[in-house]
2 protein chains.
Amino acid sequence: MPVPLTIGEVARQSGLRASAIRFYEKTGLLPKPARAAGQRRYDPAILDRLAVLEFAKQCGFTLDEARHLFEDFPGDAPLSQRLPGIAAKKIVQLDALAARIAAIKERLARAQACQCADLQECGRQIRRRAADSSGSKSAPR
Amino acid sequence: MPVPLTIGEVARQSGLRASAIRFYEKTGLLPKPARAAGQRRYDPAILDRLAVLEFAKQCGFTLDEARHLFEDFPGDAPLSQRLPGIAAKKIVQLDALAARIAAIKERLARAQACQCADLQECGRQIRRRAADSSGSKSAPR
DNA sequence: CTACAGGTTGAAGTGAACTTTAAGTCAAGT
DNA sequence: ACTTGACTTAAAGTTCACTTCAACCTGTAG
């Protein structure tokens with residue numbers, strides 16, 4: 001029988017706040033632990049579970065997505081079995097985000113080097129470019 | 001005298017909702033326009049201003065940052081004069097974000113290919129790696 | 001016995017960027 | 001006169017991931 005942890009000890013060891021742990025439990029991300037005199041007592045394995053949750057959060061999953069990561073699979077399936085479907089979508093999103101970042105850097109560089117006489121002209125040029133790129137794609141006949 | 005636009009027309013032409021335009025005005029991002037019978041009447045130049053605002057938003061500036069972009073400089077200075085200070089910081093942020101994205105993709109790929117027997121082992125390995133990379137950097141003596 | 005550290009709860013608050021709602025005004029068309 | 005559509009306002013609601021609050025309970029130390 002592993003030594004049970006109080007919520008405060010789990011918080012210390014995981015780096016989370018106790019309030020976050022309670023919140024995760026309330027929203028179904030964590031199972032309800034045993035109680036001693038009304039207080040939560042956690043199996044140390046909770047720390048592994050929280051690590052997986054942190055991993056998911058750091059990968060940009062919402063808590064809702066993380067819940068699916070836990071719920072939609074048989075009890076102890078490893079990440080290699082859980083991840084494929086959801087991770088593929090996430091990677092597409094990440095690639096899109098990376099592309100956007102590159103585009104933003106380009107736009108910032110351009111704007112910094114603009115030759116406009118005043119701010120209104122900057123606005124006009126931005127509008128012109130927006131109209132160009134959304135209106136007709138490359139070759140109007 | 002340019003033809004004044006109602007808020008609805010500005011909304012149509014800018015792609016924003018009227019509520020957003022009112023919100024921007026309330027929070028000081030847009031000047032208070034003239035009124036006719038209580039209704040806002042905009043100089044079409046507002047569209048250029050909104051374009052600059054959209055540009056700033058798309059570059060990842062918060063509305064607060066955008067406000068500074070407008071306020072901290074003499075009336076009509078072009079972006080080339082407004083941008084340098086704030087854009088440099090933003091580019092650093094963007095580079096950091098791009099690096100994080102790359103790191104996330106790597107972590108996702110790793111996790112998809114993990115050899116763990118069960119989810120708890122995944123958690124253990126994540127914890128081990130986290131401890132490794134934060135605890136001692138590269139070479140403990 | 002009392003103080004105290006830590007735990008418990010539900011409800012409300014946070015911040016960003018808006019949207020929605022309710023109730024009202026106004027000018028033009030029929 | 002009446003209806004319609006677009007506008008006006010302040011206030012409250014939305015989403016996400018929590019935190020903070022107020023009021024309470026419990027085991028241990030002195």
# chains A, B, ... in the order shown; residues from 1 in each chain; ligands from 1
$ residues_around --residues "stretch 28-41 of chain B" --least-positions-apart "2" --cutoff "10 Å" --atoms "only C-alpha atoms (C1' of nucleotides)" --output "VMD selection string"
(chain B and resid 3 to 10 21 to 26 43 to 44 46 49 to 50 53 63 to 64 66 to 71) or (chain C and resid 25 to 27) or (chain D and resid 6 to 8)
$ write_last_selection --atoms "N, CA and C atoms (P, O5', C5', C4', C3', O3' and C1' of nucleotides)" --output "CSV table (one decimal), in the first residue's frame"
chain,number,residue,atom,x,y,z
B,3,VAL,N,-18.3,61.9,-47.9
B,3,VAL,CA,-19.6,61.4,-47.5
B,3,VAL,C,-19.4,60.6,-46.2
B,4,PRO,N,-20.2,61.0,-45.1
B,4,PRO,CA,-20.0,60.3,-43.9
B,4,PRO,C,-20.7,58.9,-43.9
B,5,LEU,N,-20.2,58.0,-43.1
B,5,LEU,CA,-20.7,56.6,-43.1
B,5,LEU,C,-21.4,56.4,-41.8
B,6,THR,N,-22.4,55.6,-41.8
B,6,THR,CA,-23.1,55.1,-40.5
B,6,THR,C,-22.2,54.0,-40.0
B,7,ILE,N,-22.5,53.6,-38.8
B,7,ILE,CA,-21.7,52.6,-38.2
B,7,ILE,C,-21.9,51.3,-38.9
B,8,GLY,N,-23.2,51.1,-39.4
B,8,GLY,CA,-23.5,49.9,-40.2
B,8,GLY,C,-22.7,49.8,-41.4
B,9,GLU,N,-22.5,50.9,-42.1
B,9,GLU,CA,-21.7,50.9,-43.3
B,9,GLU,C,-20.2,50.7,-43.0
B,10,VAL,N,-19.7,51.3,-42.0
B,10,VAL,CA,-18.4,51.0,-41.6
B,10,VAL,C,-18.2,49.5,-41.3
B,21,ILE,N,-17.0,48.0,-33.1
B,21,ILE,CA,-16.6,49.4,-33.3
B,21,ILE,C,-17.0,50.3,-32.1
B,22,ARG,N,-18.2,50.1,-31.6
B,22,ARG,CA,-18.6,50.8,-30.4
B,22,ARG,C,-17.7,50.5,-29.2
B,23,PHE,N,-17.3,49.2,-29.1
B,23,PHE,CA,-16.4,48.8,-28.1
B,23,PHE,C,-15.1,49.5,-28.2
B,24,TYR,N,-14.5,49.5,-29.4
B,24,TYR,CA,-13.3,50.2,-29.6
B,24,TYR,C,-13.3,51.6,-29.2
B,25,GLU,N,-14.4,52.3,-29.5
B,25,GLU,CA,-14.6,53.7,-29.1
B,25,GLU,C,-14.6,53.8,-27.6
B,26,LYS,N,-15.4,53.0,-27.0
B,26,LYS,CA,-15.5,53.1,-25.5
B,26,LYS,C,-14.2,52.9,-24.8
B,43,ASP,N,-16.1,59.7,-40.9
B,43,ASP,CA,-15.3,60.0,-42.1
B,43,ASP,C,-14.8,58.7,-42.6
B,44,PRO,N,-14.8,58.5,-43.9
B,44,PRO,CA,-14.3,57.2,-44.5
B,44,PRO,C,-12.9,56.9,-44.1
B,46,ILE,N,-11.9,56.5,-41.4
B,46,ILE,CA,-12.0,55.5,-40.3
B,46,ILE,C,-11.6,54.1,-40.8
B,49,ARG,N,-7.9,53.7,-40.6
B,49,ARG,CA,-7.6,53.5,-39.2
B,49,ARG,C,-7.9,52.1,-38.7
B,50,LEU,N,-9.0,51.6,-39.1
B,50,LEU,CA,-9.4,50.3,-38.7
B,50,LEU,C,-8.5,49.2,-39.3
B,53,LEU,N,-5.5,49.0,-37.3
B,53,LEU,CA,-5.9,48.3,-36.1
B,53,LEU,C,-5.9,46.8,-36.3
B,63,LEU,N,-5.1,44.8,-27.6
B,63,LEU,CA,-5.8,46.1,-27.9
B,63,LEU,C,-5.1,47.2,-27.1
B,64,ASP,N,-4.6,46.8,-25.9
B,64,ASP,CA,-3.8,47.8,-25.2
B,64,ASP,C,-2.5,48.2,-25.9
B,66,ALA,N,-2.1,48.1,-29.0
B,66,ALA,CA,-2.6,48.9,-30.2
B,66,ALA,C,-2.9,50.3,-29.8
B,67,ARG,N,-3.5,50.5,-28.7
B,67,ARG,CA,-3.7,51.8,-28.2
B,67,ARG,C,-2.5,52.6,-28.1
B,68,HIS,N,-1.4,52.0,-27.5
B,68,HIS,CA,-0.1,52.7,-27.4
B,68,HIS,C,0.4,53.1,-28.8
B,69,LEU,N,0.2,52.1,-29.7
B,69,LEU,CA,0.7,52.4,-31.1
B,69,LEU,C,0.0,53.6,-31.7
B,70,PHE,N,-1.2,53.9,-31.3
B,70,PHE,CA,-1.9,55.1,-31.8
B,70,PHE,C,-1.5,56.3,-31.0
B,71,GLU,N,-1.5,56.1,-29.6
B,71,GLU,CA,-1.4,57.3,-28.8
B,71,GLU,C,0.0,57.8,-28.5
C,25,DT,P,-37.6,56.8,-25.9
C,25,DT,O5',-36.7,57.1,-27.1
C,25,DT,C5',-35.3,57.5,-26.9
C,25,DT,C4',-34.7,57.8,-28.2
C,25,DT,C3',-35.4,58.8,-29.1
C,25,DT,O3',-34.5,59.7,-29.6
C,25,DT,C1',-35.0,56.8,-30.3
C,26,DC,P,-35.1,61.1,-30.3
C,26,DC,O5',-35.0,60.7,-31.9
C,26,DC,C5',-33.8,60.2,-32.4
C,26,DC,C4',-34.0,59.7,-33.8
C,26,DC,C3',-35.0,60.6,-34.6
C,26,DC,O3',-34.3,61.2,-35.6
C,26,DC,C1',-35.4,58.3,-34.9
C,27,DA,P,-35.1,62.4,-36.5
C,27,DA,O5',-35.1,61.8,-37.9
C,27,DA,C5',-34.0,61.1,-38.4
C,27,DA,C4',-34.4,60.3,-39.7
C,27,DA,C3',-35.3,61.1,-40.6
C,27,DA,O3',-34.9,60.8,-42.0
C,27,DA,C1',-36.4,59.0,-40.0
D,6,DA,P,-31.6,47.1,-41.7
D,6,DA,O5',-30.8,48.3,-41.0
D,6,DA,C5',-30.9,49.6,-41.6
D,6,DA,C4',-30.5,50.6,-40.5
D,6,DA,C3',-29.3,50.2,-39.7
D,6,DA,O3',-28.3,51.2,-39.7
D,6,DA,C1',-31.1,51.0,-38.3
D,7,DC,P,-26.9,51.0,-39.0
D,7,DC,O5',-27.0,51.7,-37.6
D,7,DC,C5',-27.0,53.1,-37.5
D,7,DC,C4',-27.7,53.6,-36.3
D,7,DC,C3',-27.0,53.4,-34.9
D,7,DC,O3',-26.1,54.4,-34.7
D,7,DC,C1',-29.4,53.1,-34.8
D,8,DT,P,-25.1,54.3,-33.5
D,8,DT,O5',-26.0,54.4,-32.2
D,8,DT,C5',-26.5,55.8,-31.8
D,8,DT,C4',-27.2,55.7,-30.5
D,8,DT,C3',-26.4,55.0,-29.4
D,8,DT,O3',-25.5,55.9,-28.8
D,8,DT,C1',-28.7,54.4,-29.3
$ calpha_fit_and_write --fixed "chain B" --moving "chain A" --output "PDB file with C-alpha atoms, in the first residue's frame"
ATOM      1  CA  MET A   1     -16.277  67.258 -47.473  1.00  0.00           C
ATOM      2  CA  PRO A   2     -16.188  63.464 -47.666  1.00  0.00           C
ATOM      3  CA  VAL A   3     -19.457  61.549 -47.461  1.00  0.00           C
ATOM      4  CA  PRO A   4     -19.966  60.466 -43.844  1.00  0.00           C
ATOM      5  CA  LEU A   5     -20.663  56.804 -43.096  1.00  0.00           C
ATOM      6  CA  THR A   6     -23.055  55.339 -40.559  1.00  0.00           C
ATOM      7  CA  ILE A   7     -21.742  52.731 -38.185  1.00  0.00           C
ATOM      8  CA  GLY A   8     -23.501  50.056 -40.217  1.00  0.00           C
ATOM      9  CA  GLU A   9     -21.711  51.103 -43.388  1.00  0.00           C
ATOM     10  CA  VAL A  10     -18.373  51.158 -41.622  1.00  0.00           C
ATOM     11  CA  ALA A  11     -19.149  47.686 -40.319  1.00  0.00           C
ATOM     12  CA  ARG A  12     -19.965  46.393 -43.786  1.00  0.00           C
ATOM     13  CA  GLN A  13     -16.891  47.902 -45.377  1.00  0.00           C
ATOM     14  CA  SER A  14     -14.493  46.912 -42.632  1.00  0.00           C
ATOM     15  CA  GLY A  15     -15.887  43.486 -41.979  1.00  0.00           C
ATOM     16  CA  LEU A  16     -16.262  44.280 -38.287  1.00  0.00           C
ATOM     17  CA  ARG A  17     -19.476  44.213 -36.310  1.00  0.00           C
ATOM     18  CA  ALA A  18     -20.997  47.502 -35.264  1.00  0.00           C
ATOM     19  CA  SER A  19     -20.762  46.337 -31.669  1.00  0.00           C
ATOM     20  CA  ALA A  20     -16.993  45.951 -32.046  1.00  0.00           C
ATOM     21  CA  ILE A  21     -16.673  49.480 -33.392  1.00  0.00           C
ATOM     22  CA  ARG A  22     -18.654  50.872 -30.459  1.00  0.00           C
ATOM     23  CA  PHE A  23     -16.516  48.791 -28.143  1.00  0.00           C
ATOM     24  CA  TYR A  24     -13.314  50.205 -29.630  1.00  0.00           C
ATOM     25  CA  GLU A  25     -14.648  53.695 -29.172  1.00  0.00           C
ATOM     26  CA  LYS A  26     -15.610  53.043 -25.570  1.00  0.00           C
ATOM     27  CA  THR A  27     -12.143  51.706 -24.771  1.00  0.00           C
ATOM     28  CA  GLY A  28     -10.431  54.664 -26.389  1.00  0.00           C
ATOM     29  CA  LEU A  29      -9.082  52.865 -29.451  1.00  0.00           C
ATOM     30  CA  LEU A  30     -11.111  55.030 -31.783  1.00  0.00           C
ATOM     31  CA  PRO A  31     -11.903  58.742 -31.603  1.00  0.00           C
ATOM     32  CA  LYS A  32     -15.489  59.777 -30.988  1.00  0.00           C
ATOM     33  CA  PRO A  33     -17.056  60.575 -34.327  1.00  0.00           C
ATOM     34  CA  ALA A  34     -19.492  63.351 -35.214  1.00  0.00           C
ATOM     35  CA  ARG A  35     -23.189  62.722 -34.629  1.00  0.00           C
ATOM     36  CA  ALA A  36     -26.337  63.353 -36.646  1.00  0.00           C
ATOM     37  CA  ALA A  37     -29.546  63.018 -34.655  1.00  0.00           C
ATOM     38  CA  GLY A  38     -27.656  61.047 -32.053  1.00  0.00           C
ATOM     39  CA  GLN A  39     -26.138  58.653 -34.577  1.00  0.00           C
ATOM     40  CA  ARG A  40     -22.444  58.282 -35.305  1.00  0.00           C
ATOM     41  CA  ARG A  41     -21.222  59.665 -38.636  1.00  0.00           C
ATOM     42  CA  TYR A  42     -17.761  58.557 -39.695  1.00  0.00           C
ATOM     43  CA  ASP A  43     -15.256  60.112 -42.027  1.00  0.00           C
ATOM     44  CA  PRO A  44     -14.282  57.364 -44.507  1.00  0.00           C
ATOM     45  CA  ALA A  45     -10.714  57.714 -43.191  1.00  0.00           C
ATOM     46  CA  ILE A  46     -11.924  55.610 -40.277  1.00  0.00           C
ATOM     47  CA  LEU A  47     -11.534  52.637 -42.601  1.00  0.00           C
ATOM     48  CA  ASP A  48      -7.806  53.251 -42.873  1.00  0.00           C
ATOM     49  CA  ARG A  49      -7.550  53.540 -39.145  1.00  0.00           C
ATOM     50  CA  LEU A  50      -9.445  50.294 -38.690  1.00  0.00           C
ATOM     51  CA  ALA A  51      -7.142  48.630 -41.215  1.00  0.00           C
ATOM     52  CA  VAL A  52      -4.136  49.596 -39.114  1.00  0.00           C
ATOM     53  CA  LEU A  53      -5.930  48.237 -36.071  1.00  0.00           C
ATOM     54  CA  GLU A  54      -6.662  44.963 -37.864  1.00  0.00           C
ATOM     55  CA  PHE A  55      -3.045  44.774 -38.883  1.00  0.00           C
ATOM     56  CA  ALA A  56      -1.985  45.168 -35.271  1.00  0.00           C
ATOM     57  CA  LYS A  57      -4.441  42.541 -34.085  1.00  0.00           C
ATOM     58  CA  GLN A  58      -3.289  40.092 -36.722  1.00  0.00           C
ATOM     59  CA  CYS A  59       0.283  40.680 -35.642  1.00  0.00           C
ATOM     60  CA  GLY A  60      -0.690  39.479 -32.207  1.00  0.00           C
ATOM     61  CA  PHE A  61      -0.879  42.823 -30.448  1.00  0.00           C
ATOM     62  CA  THR A  62      -3.466  43.112 -27.713  1.00  0.00           C
ATOM     63  CA  LEU A  63      -5.886  46.005 -27.900  1.00  0.00           C
ATOM     64  CA  ASP A  64      -3.901  47.647 -25.140  1.00  0.00           C
ATOM     65  CA  GLU A  65      -0.736  47.451 -27.203  1.00  0.00           C
ATOM     66  CA  ALA A  66      -2.620  48.730 -30.215  1.00  0.00           C
ATOM     67  CA  ARG A  67      -3.791  51.691 -28.181  1.00  0.00           C
ATOM     68  CA  HIS A  68      -0.206  52.560 -27.392  1.00  0.00           C
ATOM     69  CA  LEU A  69       0.608  52.216 -31.053  1.00  0.00           C
ATOM     70  CA  PHE A  70      -1.912  54.973 -31.720  1.00  0.00           C
ATOM     71  CA  GLU A  71      -1.424  57.145 -28.659  1.00  0.00           C
ATOM     72  CA  ASP A  72       2.268  57.195 -27.976  1.00  0.00           C
ATOM     73  CA  PHE A  73       3.183  59.075 -31.143  1.00  0.00           C
ATOM     74  CA  PRO A  74       2.427  62.394 -32.809  1.00  0.00           C
ATOM     75  CA  GLY A  75      -0.850  62.344 -34.698  1.00  0.00           C
ATOM     76  CA  ASP A  76       0.054  61.151 -38.136  1.00  0.00           C
ATOM     77  CA  ALA A  77       3.408  59.416 -37.819  1.00  0.00           C
ATOM     78  CA  PRO A  78       3.497  56.379 -40.094  1.00  0.00           C
ATOM     79  CA  LEU A  79       4.021  52.842 -38.852  1.00  0.00           C
ATOM     80  CA  SER A  80       7.709  53.014 -39.686  1.00  0.00           C
ATOM     81  CA  GLN A  81       8.035  55.509 -36.836  1.00  0.00           C
ATOM     82  CA  ARG A  82       5.666  53.787 -34.430  1.00  0.00           C
ATOM     83  CA  LEU A  83       6.629  50.200 -34.810  1.00  0.00           C
ATOM     84  CA  PRO A  84      10.347  49.781 -34.056  1.00  0.00           C
ATOM     85  CA  GLY A  85      10.234  49.604 -30.272  1.00  0.00           C
ATOM     86  CA  ILE A  86       7.164  47.497 -29.875  1.00  0.00           C
ATOM     87  CA  ALA A  87       7.758  45.300 -32.907  1.00  0.00           C
ATOM     88  CA  ALA A  88      11.197  44.259 -31.738  1.00  0.00           C
ATOM     89  CA  LYS A  89       9.692  42.821 -28.569  1.00  0.00           C
ATOM     90  CA  LYS A  90       6.930  41.167 -30.524  1.00  0.00           C
ATOM     91  CA  ILE A  91       9.402  39.529 -32.870  1.00  0.00           C
ATOM     92  CA  VAL A  92      11.245  38.086 -29.898  1.00  0.00           C
ATOM     93  CA  GLN A  93       7.944  36.698 -28.667  1.00  0.00           C
ATOM     94  CA  LEU A  94       7.157  35.287 -32.084  1.00  0.00           C
ATOM     95  CA  ASP A  95      10.529  33.604 -32.332  1.00  0.00           C
ATOM     96  CA  ALA A  96      10.046  32.102 -28.892  1.00  0.00           C
ATOM     97  CA  LEU A  97       6.634  30.868 -29.934  1.00  0.00           C
ATOM     98  CA  ALA A  98       8.015  29.321 -33.100  1.00  0.00           C
ATOM     99  CA  ALA A  99      10.662  27.551 -31.055  1.00  0.00           C
ATOM    100  CA  ARG A 100       7.995  26.250 -28.698  1.00  0.00           C
ATOM    101  CA  ILE A 101       5.968  24.963 -31.593  1.00  0.00           C
ATOM    102  CA  ALA A 102       8.948  23.049 -32.927  1.00  0.00           C
ATOM    103  CA  ALA A 103       9.572  21.618 -29.476  1.00  0.00           C
ATOM    104  CA  ILE A 104       5.941  20.576 -29.123  1.00  0.00           C
ATOM    105  CA  LYS A 105       6.004  18.801 -32.461  1.00  0.00           C
ATOM    106  CA  GLU A 106       9.035  16.897 -31.330  1.00  0.00           C
ATOM    107  CA  ARG A 107       7.411  15.955 -28.042  1.00  0.00           C
ATOM    108  CA  LEU A 108       4.264  14.806 -29.817  1.00  0.00           C
ATOM    109  CA  ALA A 109       6.273  12.677 -32.223  1.00  0.00           C
ATOM    110  CA  ARG A 110       8.202  11.130 -29.374  1.00  0.00           C
ATOM    111  CA  ALA A 111       5.051  10.396 -27.395  1.00  0.00           C
ATOM    112  CA  GLN A 112       3.369   8.819 -30.380  1.00  0.00           C
ATOM    113  CA  ALA A 113       6.299   6.486 -30.713  1.00  0.00           C
ATOM    114  CA  CYS A 114       6.663   5.694 -27.020  1.00  0.00           C
ATOM    115  CA  GLN A 115       7.326   2.156 -25.898  1.00  0.00           C
ATOM    116  CA  CYS A 116       5.590   2.477 -22.560  1.00  0.00           C
ATOM    117  CA  ALA A 117       3.547  -0.447 -21.306  1.00  0.00           C
ATOM    118  CA  ASP A 118       0.839   1.789 -19.844  1.00  0.00           C
ATOM    119  CA  LEU A 119      -0.210   5.385 -19.310  1.00  0.00           C
ATOM    120  CA  GLN A 120       1.402   5.610 -15.911  1.00  0.00           C
ATOM    121  CA  GLU A 121       4.747   4.760 -17.406  1.00  0.00           C
ATOM    122  CA  CYS A 122       4.246   7.562 -19.929  1.00  0.00           C
ATOM    123  CA  GLY A 123       3.717   9.880 -16.975  1.00  0.00           C
ATOM    124  CA  ARG A 124       6.860   8.661 -15.250  1.00  0.00           C
ATOM    125  CA  GLN A 125       8.937   9.261 -18.355  1.00  0.00           C
ATOM    126  CA  ILE A 126       7.506  12.726 -18.844  1.00  0.00           C
ATOM    127  CA  ARG A 127       8.370  13.509 -15.253  1.00  0.00           C
ATOM    128  CA  ARG A 128      11.834  12.159 -15.611  1.00  0.00           C
ATOM    129  CA  ARG A 129      12.499  14.277 -18.667  1.00  0.00           C
ATOM    130  CA  ALA A 130      11.064  17.349 -16.976  1.00  0.00           C
ATOM    131  CA  ALA A 131      13.302  16.805 -13.950  1.00  0.00           C
ATOM    132  CA  ASP A 132      16.334  16.259 -16.182  1.00  0.00           C
ATOM    133  CA  SER A 133      15.892  19.365 -18.264  1.00  0.00           C
ATOM    134  CA  SER A 134      15.025  21.736 -15.421  1.00  0.00           C
ATOM    135  CA  GLY A 135      17.095  20.360 -12.559  1.00  0.00           C
ATOM    136  CA  SER A 136      20.744  20.430 -13.629  1.00  0.00           C
ATOM    137  CA  LYS A 137      21.808  21.884 -16.923  1.00  0.00           C
ATOM    138  CA  SER A 138      23.916  19.458 -18.952  1.00  0.00           C
ATOM    139  CA  ALA A 139      26.880  18.677 -16.688  1.00  0.00           C
ATOM    140  CA  PRO A 140      26.457  18.093 -12.934  1.00  0.00           C
ATOM    141  CA  ARG A 141      29.850  17.893 -11.253  1.00  0.00           C
TER     142      ARG A 141
END
$ select_by_dssp --residues "chain B" --states "strand (DSSP E)" --output "list in words"
Ala34, Arg35, Ala36, Gln39, Arg40 and Arg41 of chain B
$ write_last_selection --atoms "C-alpha atoms" --output "mmCIF file, in the first residue's frame"
data_model
loop_
_atom_site.group_PDB
_atom_site.id
_atom_site.type_symbol
_atom_site.label_atom_id
_atom_site.label_comp_id
_atom_site.auth_asym_id
_atom_site.auth_seq_id
_atom_site.Cartn_x
_atom_site.Cartn_y
_atom_site.Cartn_z
ATOM 1 C CA ALA B 34 -19.567 63.243 -35.215
ATOM 2 C CA ARG B 35 -23.247 62.570 -34.643
ATOM 3 C CA ALA B 36 -26.392 63.164 -36.625
ATOM 4 C CA GLN B 39 -26.146 58.444 -34.548
ATOM 5 C CA ARG B 40 -22.445 58.144 -35.292
ATOM 6 C CA ARG B 41 -21.259 59.531 -38.622
#
$ atom_distance --atom1 "atom C1' of C:DT2" --atom2 "atom C1' of D:DT26"
14.1 Å
$ select_by_dssp --residues "chain A" --states "helix (DSSP H, G or I)" --output "ChimeraX atom specification"
/A:7-14,18-26,46-58,63-71,79-112,119-135
$ atom_distance --atom1 "atom C1' of C:DT14" --atom2 "atom C1' of D:DA12"
15.9 Å
$ closest_atom_pairs --of "chain D" --to "chain A" --cutoff "9 Å" --atoms "only C-alpha atoms (C1' of nucleotides)" --output "JSON lines"
{"residue": "D:DC16", "atom": "C1'", "partner": "A:Thr62", "partner_atom": "CA", "distance": 8.5}
{"residue": "D:DA17", "atom": "C1'", "partner": "A:Leu63", "partner_atom": "CA", "distance": 8.2}
{"residue": "D:DC18", "atom": "C1'", "partner": "A:Ala20", "partner_atom": "CA", "distance": 6.5}
{"residue": "D:DT19", "atom": "C1'", "partner": "A:Ser19", "partner_atom": "CA", "distance": 7.3}
{"residue": "D:DC25", "atom": "C1'", "partner": "A:Gly38", "partner_atom": "CA", "distance": 8.9}
{"residue": "D:DT26", "atom": "C1'", "partner": "A:Ala37", "partner_atom": "CA", "distance": 7.4}
$ write_last_selection --atoms "N, CA and C atoms (P, O5', C5', C4', C3', O3' and C1' of nucleotides)" --output "tab-separated table (two decimals), in the first residue's frame"
chain	number	residue	atom	x	y	z
D	16	DC	P	-14.48	27.09	-24.08
D	16	DC	O5'	-13.14	27.39	-23.29
D	16	DC	C5'	-12.08	28.10	-23.95
D	16	DC	C4'	-11.01	28.40	-22.93
D	16	DC	C3'	-10.77	27.26	-21.94
D	16	DC	O3'	-9.40	26.90	-22.03
D	16	DC	C1'	-11.05	29.34	-20.80
D	17	DA	P	-8.91	25.47	-21.45
D	17	DA	O5'	-8.33	25.92	-20.04
D	17	DA	C5'	-7.25	26.85	-20.02
D	17	DA	C4'	-7.06	27.38	-18.62
D	17	DA	C3'	-7.05	26.29	-17.52
D	17	DA	O3'	-6.05	26.62	-16.56
D	17	DA	C1'	-8.58	27.93	-16.99
D	18	DC	P	-5.20	25.41	-15.86
D	18	DC	O5'	-5.71	25.18	-14.41
D	18	DC	C5'	-6.89	25.75	-13.83
D	18	DC	C4'	-6.71	27.20	-13.51
D	18	DC	C3'	-6.54	27.50	-12.05
D	18	DC	O3'	-5.30	28.15	-11.78
D	18	DC	C1'	-8.33	28.81	-13.02
D	19	DT	P	-4.82	28.28	-10.22
D	19	DT	O5'	-5.62	29.59	-9.75
D	19	DT	C5'	-5.34	30.86	-10.35
D	19	DT	C4'	-6.06	31.95	-9.55
D	19	DT	C3'	-5.74	31.96	-8.05
D	19	DT	O3'	-5.57	33.34	-7.71
D	19	DT	C1'	-8.08	31.77	-8.36
D	25	DC	P	-18.64	23.83	11.34
D	25	DC	O5'	-17.51	22.79	10.91
D	25	DC	C5'	-17.69	21.97	9.74
D	25	DC	C4'	-16.46	21.11	9.55
D	25	DC	C3'	-16.03	20.33	10.80
D	25	DC	O3'	-15.77	18.98	10.43
D	25	DC	C1'	-14.20	21.58	9.95
D	26	DT	P	-15.61	17.87	11.58
D	26	DT	O5'	-14.06	17.50	11.54
D	26	DT	C5'	-13.31	17.56	10.32
D	26	DT	C4'	-11.85	17.32	10.67
D	26	DT	C3'	-11.60	16.65	12.02
D	26	DT	O3'	-10.66	15.62	11.83
D	26	DT	C1'	-10.33	18.62	11.84
$ interface_residues --of "chain C" --to "chain A" --cutoff "10 Å" --atoms "only C-alpha atoms (C1' of nucleotides)" --output "NGL selection string"
:C and (6-8)
$ write_last_selection --atoms "N, CA and C atoms (P, O5', C5', C4', C3', O3' and C1' of nucleotides)" --output "tab-separated table (two decimals), in the first residue's frame"
chain	number	residue	atom	x	y	z
C	6	DG	P	0.89	24.29	6.76
C	6	DG	O5'	-0.48	23.70	6.21
C	6	DG	C5'	-0.58	22.30	6.09
C	6	DG	C4'	-2.02	21.92	6.15
C	6	DG	C3'	-2.74	22.11	4.82
C	6	DG	O3'	-2.74	20.86	4.11
C	6	DG	C1'	-4.07	22.61	6.74
C	7	DG	P	-3.26	20.83	2.64
C	7	DG	O5'	-4.83	20.56	2.79
C	7	DG	C5'	-5.27	19.27	3.17
C	7	DG	C4'	-6.69	19.34	3.67
C	7	DG	C3'	-7.75	19.69	2.63
C	7	DG	O3'	-8.19	18.53	1.94
C	7	DG	C1'	-8.15	20.79	4.71
C	8	DT	P	-9.18	18.76	0.75
C	8	DT	O5'	-10.53	19.39	1.36
C	8	DT	C5'	-11.42	18.54	2.08
C	8	DT	C4'	-12.73	19.25	2.34
C	8	DT	C3'	-13.36	19.91	1.12
C	8	DT	O3'	-14.15	18.97	0.39
C	8	DT	C1'	-13.46	21.37	3.00
$ atom_distance --atom1 "atom C1' of C:DA11" --atom2 "atom C1' of D:DT15"
18.5 Å
